[in-house]
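Worksheet for the structure shown next.
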Amino acid sequence: MLSLWLALAGPPTSGHLEVHERVVLERRAVRVVESQRYAPTGLPIADPTRRLMLGDAVLGTLRGAEALATTWPKPQRSPAEARALAEAAGYTVRSVLAEHRPSDGRVRWRVDVAFDPLLGARPLLWIDDPTGALLVGPDQVRSVAAAAYARNPVLDPVPDVFELEDVVLPLEGLRTPLFDVRQCEDPGTLGACVLAPVEPSAQADFVFAAPQTDEDHADGTDPFSAASVAVHAQAFFTFASAHGLPLPTCVAEGTRGTLVANYRGFTGEDVIAVANAGYTGDCSILAFFGQGPAADWGYDADVVVHELTHGSIAAQMGEGRVLGLARRRSEAVVTDAGAINESIADFVAAVVTGDSAHGEYVRTYDGGFMRDADNARRCPEDLLGQIHYDSEPLTGALWQAHADLGDALVEPVLDAVAMLEQDATYEEASASMLALTEATMGSAARDTLFGALADHNLIDCERVAALEQVRGPVRLLPRYGSGGYYDPMRPGPMQLRVEVPQDAATMTVTFSVAVIPEPGWDPVGDVHVLVRSGAPVSFSYDVDEEDRTTVAADPDLHLPSVNDGTFTADVVPGEPVYLAFFNQGLHVTQIDDFAVSFEASAGSSTGGEGDDESTTGTPMPSTDSSGGTREPSANAGSGGCRVGEGPRGLFWLLLLAWPPSQTLQRRRR
């Protein structure tokens with residue numbers, strides 16, 4: 001290893017780039033071939049190219065970034081030095097790999113870190129080789145909110161007994177070649193729980209008494225929860241094997257994935273309930289299922305299957321890539337990629353359990369919003385700007401197509417992930433799924449899926465919705481935080497279009513404002529509105545090396561701090577007006593309950609009564625560089641699975657507020 005390092009170290013080199021190809025996915029006649037470029041230094045160049053092949057024909061290409069560098073510097077640091085820098089920052093390092101950036105040849109070290117159970121995080125991490133600067137990317141931990149039993153105690157009030165396969169030595173606990181279910185036990189001090197094996201019953205099996213009372217459901221020590229997690233994990237792995245779905249990478253490489261039941265935190269004196277479940281990608285705690293204040297998140301089959309499906313999605317994306325980055329579009333900043341990730345996980349959970357609704361049990365006990373694959377939601381009018389809610393239109397389309405195409409549809413849907421960018425949009429996911437469906441299931445199946453996607457308006461969805469068609473709140477993220485850094489604004493997830501009557505002179509728009517604070521902070525929100533007549537506000541972006549985004553816009557009008565939820569502006573008669581909202585506060589802010597009224601010009605024969613004068617705000621400084629109403633909870637954690645929504649870990653968030661605990665029922669597969 002030392003001789004290899006000495007050969008790599010030294011001055012910059014120039015010369016021929018080598019290309020190595022490998023098949024990363026092969027199903028029937030369909031293959032995904034990855035072309036990885038290597039510099040003369042022997043180091044890989046980031047962003048390989050992938051080609052979707054049917055025989056010798058190329059169906060599609062996912063191109064890596066163009067290699068613009070003319071020289072390729074050799075690393076100045078050793079792997080041990082790169083590892084030490086990451087460890088000095090508090091990370092547990094699994095491996096380091098040097099690679100070149102294609103734009104300038106600069107060397108950076110990609111660092112694979114272990115899941116941190118205290119912070120509940122496992123970020124993508126890079127170290128800049130010349131400077132030693134640590135660059136922290138998006139969190140790879142996927143979290144969700146949902147329910148349990150054969151399906152869950154709400155739908156199946158009487159538990160069944162199932163056979164767990166490959167548990168050869170029950171006295172060693174709930175261990176199979178693929179997973180090891182552990183209990184979360186009190187460490188007796190401040191911190192995360194101790195992971196302990198699950199003790200079998202006196203009969204040397206894992207048939208435990210089912211919970212009967214509310215106190216049982218809130219009990220964080222019941223072994224029934226662990227047995228339930230094992231039952232539903234086995235159901236997922238059996239389904240994955242039958243359909244050739246990839247397993248989480250560490251499991252596929254031969255490591256048991258540890259699944260933690262009754263997950264919760266401890267202060268030394270009190271228990272902190274965890275009303276959530278999460279997938280980490282790190283086999284030391286591959287997934288955790290929280291003991292909520294009133295429900296156990298390991299009881300719902302679809303919760304367990306959903307979390308483990310995130311592992312299949314991560315395996316398709318490949319090491320160092322996560323389907324969850326934001327896409328900067330001219331009309332909005334969208335988080336489709338995270339919604340696609342959640343949607344596929346919900347879809348597979350619905351297929352495996354045969355139940356379209358997600359999380360009935362935990363939502364009945366712990367509250368919040370329950371998703372349903374059987375829905376008519378559309379893009380963009382049903383989008384919220386939060387990935388779990390926004391997953392529903394795609395889940396609805398897939399479930400609709402599944403009614404005709406059956407479980408085989410899961411295969412091209414998962415395979416399509418291998419051809420997606422990290423910031424993929426609904427449109428790109430739709431195109432990839434259609435191509436794979438046609439290649440593996442035929443043109444008739446492709447047409448069926450196309451019709452379902454079109455019904456949910458996912459083939460081509462401009463993020464502009466008519467104000468009167470918006471059926472729920474719009475969520476506005478702060479301009480900096482876990483969602484990135486934007487200056488001077490972060491555009492919202494969509495714009496609203498207002499149709500203006502022919503005799504109108506002014507319009508008045510009203511809406512409600514609700515701020516969603518992080519735990520322990522006073523809520524701070526600040527709603528701004530950009531107004532443009534005749535066409536949507538157009539945003540352009542300049543992104544620097546640290547992924548900080550400078551935003552330029554072209555509104556006719558900028559209305560700052562419209563926090564009372566009302567403003568009046570002049571309009572051009574008969575010409576539509578477009579509204580782009582953004583948030584300059586410190587916390588996520590939701591706007592809802594939109595309404596608009598108009599005042600006619602003086603002398604008009606129609607129009608309502610009222611003052612003709614308008615409050616027009618201040619002009620925007622020139623920065624141009626060239627089905628049904630949802631009522632999601634105002635609690636940021638109650639919308640379902642959580643994906644890197646903040647720098648503070650799950651444990652520390654829950655230190656700030658917790659209810660008492662309870663217990664549940666049992667079931668075995």
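Identifiers in the structure tokens: chain A, B, ... in order shown; residue index from 1 per chain; ligand index from 1 in order shown.
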
request  = Write out as an NGL selection string all residues of region 415-589 of chain A that backbone DSSP assigns to strand (DSSP E or B).
outcome  = :A and (464-466 or 474-476 or 480-481 or 484-487 or 495-498 or 504-516 or 527-533 or 539-543 or 548-553 or 557-559 or 566-570 or 577-583 or 588-589)

Considering only C-alpha atoms, give me a table of residues in region 450-471 of chain A that are at most 10 Å from region 383-387 of chain A, with the closest atom pair and distance in Å for each, as CSV.
residue,atom,partner,partner_atom,distance
A:Arg463,CA,A:Leu383,CA,9.2
A:Ala465,CA,A:Leu383,CA,9.6
A:Val470,CA,A:Leu383,CA,8.3
A:Arg471,CA,A:Leu383,CA,8.5

(message) For Ala84 (chain A), find every residue with an atom within 12 Å (counting only C-alpha atoms), except residues of its own chain fewer than 3 positions away, and show them as a PyMOL selection string.
(response) chain A and resi 77-81+87-96+109+111+127+132+134

Task: All alpha helix (DSSP H) positions in region 84-277 of chain A, as a ChimeraX atom specification - done: /A:84-88,214-217,223-242,249-252

Would you pick out the contacts of region 389-396 of chain A at 10 Å or less, using only C-alpha atoms, so that residues sharing its chain but fewer than 2 positions from it are not included, and give the list as a ChimeraX atom specification? /A:335-348,350,356,369-380,382-387,398-402,426,429-430,452-453,455-458,627,630,632,639-641

Write out as a ChimeraX atom specification which residues come within 10 Å of region 483-490 of chain A when counting only C-alpha atoms, dropping same-chain ones fewer than 2 positions away. /A:137-138,325-326,328,332-333,335,476-481,492-493,528,539,541-543,546-553,581-584,623,644-646

Neighbours of region 432-434 of chain A within 6 Å (only C-alpha atoms; same-chain residues fewer than 6 positions away dropped), as an NGL selection string?
:A and (413 or 416 or 446)

Inset, instruction - Go through A:His20, A:Arg264, A:Arg108, A:Arg37 one by one, measure the shortest atom-to-atom distance of each to Gly64 (chain A) using only C-alpha atoms, and give the residue with the smallest value. - result: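 Using only C-alpha atoms, the shortest distance to Gly64 (chain A) belongs to A:Arg37.
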
Quick one: residues within 8 Å of Ala580 (chain A), only C-alpha atoms, excluding same-chain residues fewer than 2 positions away - as a PDB file with N, CA and C atoms, in the first residue's frame?
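Everything below was put into part-v2.pdb:
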ATOM      1  N   PRO A 491     -35.990  30.494  -3.931  1.00  0.00           N
ATOM      2  CA  PRO A 491     -37.323  30.429  -4.542  1.00  0.00           C
ATOM      3  C   PRO A 491     -38.150  29.300  -3.941  1.00  0.00           C
ATOM      4  N   GLY A 492     -39.461  29.482  -3.903  1.00  0.00           N
ATOM      5  CA  GLY A 492     -40.366  28.470  -3.376  1.00  0.00           C
ATOM      6  C   GLY A 492     -40.526  27.302  -4.327  1.00  0.00           C
ATOM      7  N   MET A 494     -43.127  26.339  -6.037  1.00  0.00           N
ATOM      8  CA  MET A 494     -43.967  26.601  -7.208  1.00  0.00           C
ATOM      9  C   MET A 494     -44.375  28.070  -7.198  1.00  0.00           C
ATOM     10  N   GLN A 495     -44.873  28.545  -8.331  1.00  0.00           N
ATOM     11  CA  GLN A 495     -45.465  29.877  -8.416  1.00  0.00           C
ATOM     12  C   GLN A 495     -46.982  29.730  -8.581  1.00  0.00           C
ATOM     13  N   LEU A 496     -47.697  30.795  -8.237  1.00  0.00           N
ATOM     14  CA  LEU A 496     -49.153  30.809  -8.375  1.00  0.00           C
ATOM     15  C   LEU A 496     -49.543  31.782  -9.483  1.00  0.00           C
ATOM     16  N   VAL A 529     -42.987  38.362  -1.440  1.00  0.00           N
ATOM     17  CA  VAL A 529     -43.687  38.010  -2.664  1.00  0.00           C
ATOM     18  C   VAL A 529     -43.063  38.766  -3.832  1.00  0.00           C
ATOM     19  N   LEU A 530     -42.762  38.020  -4.910  1.00  0.00           N
ATOM     20  CA  LEU A 530     -42.368  38.629  -6.170  1.00  0.00           C
ATOM     21  C   LEU A 530     -43.567  38.560  -7.106  1.00  0.00           C
ATOM     22  N   VAL A 531     -43.859  39.674  -7.771  1.00  0.00           N
ATOM     23  CA  VAL A 531     -45.030  39.781  -8.643  1.00  0.00           C
ATOM     24  C   VAL A 531     -44.556  40.082 -10.054  1.00  0.00           C
ATOM     25  N   VAL A 537     -42.217  34.602 -12.960  1.00  0.00           N
ATOM     26  CA  VAL A 537     -40.918  35.136 -12.552  1.00  0.00           C
ATOM     27  C   VAL A 537     -39.851  34.132 -12.983  1.00  0.00           C
ATOM     28  N   TYR A 578     -48.351  36.508 -11.952  1.00  0.00           N
ATOM     29  CA  TYR A 578     -47.653  35.368 -11.361  1.00  0.00           C
ATOM     30  C   TYR A 578     -47.025  35.802 -10.036  1.00  0.00           C
ATOM     31  N   PHE A 582     -41.282  33.591  -1.225  1.00  0.00           N
ATOM     32  CA  PHE A 582     -40.078  33.037  -0.593  1.00  0.00           C
ATOM     33  C   PHE A 582     -40.015  33.504   0.847  1.00  0.00           C
TER      34      PHE A 582
END

Nearest residue to Arg27 (chain A) from the set A:Pro157, A:Gly525, A:Gly359, A:Pro412 (distances using only C-alpha atoms):
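With only C-alpha atoms as the atom set, the closest residue is A:Pro412.
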
Review point. What is the distance, in Å and to one decimal place, between CA of Asp366 (chain A) and CA of Glu199 (chain A)?
Key: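 Computing it gives 27.6 Å between the two atoms.
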
* Asked: Looking at only C-alpha atoms, which of A:Pro555, A:Val524, A:Arg321, A:Val19 is the one that sits closest to Leu125 (chain A)?
  ->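 Closest to Leu125 (chain A), using only C-alpha atoms: A:Arg321.
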
_Computed interatomic separation between CA of Leu124 (chain A) and CA of Ala86 (chain A) (Å)_ =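 That distance, rounded to one decimal, is 11.6 Å.
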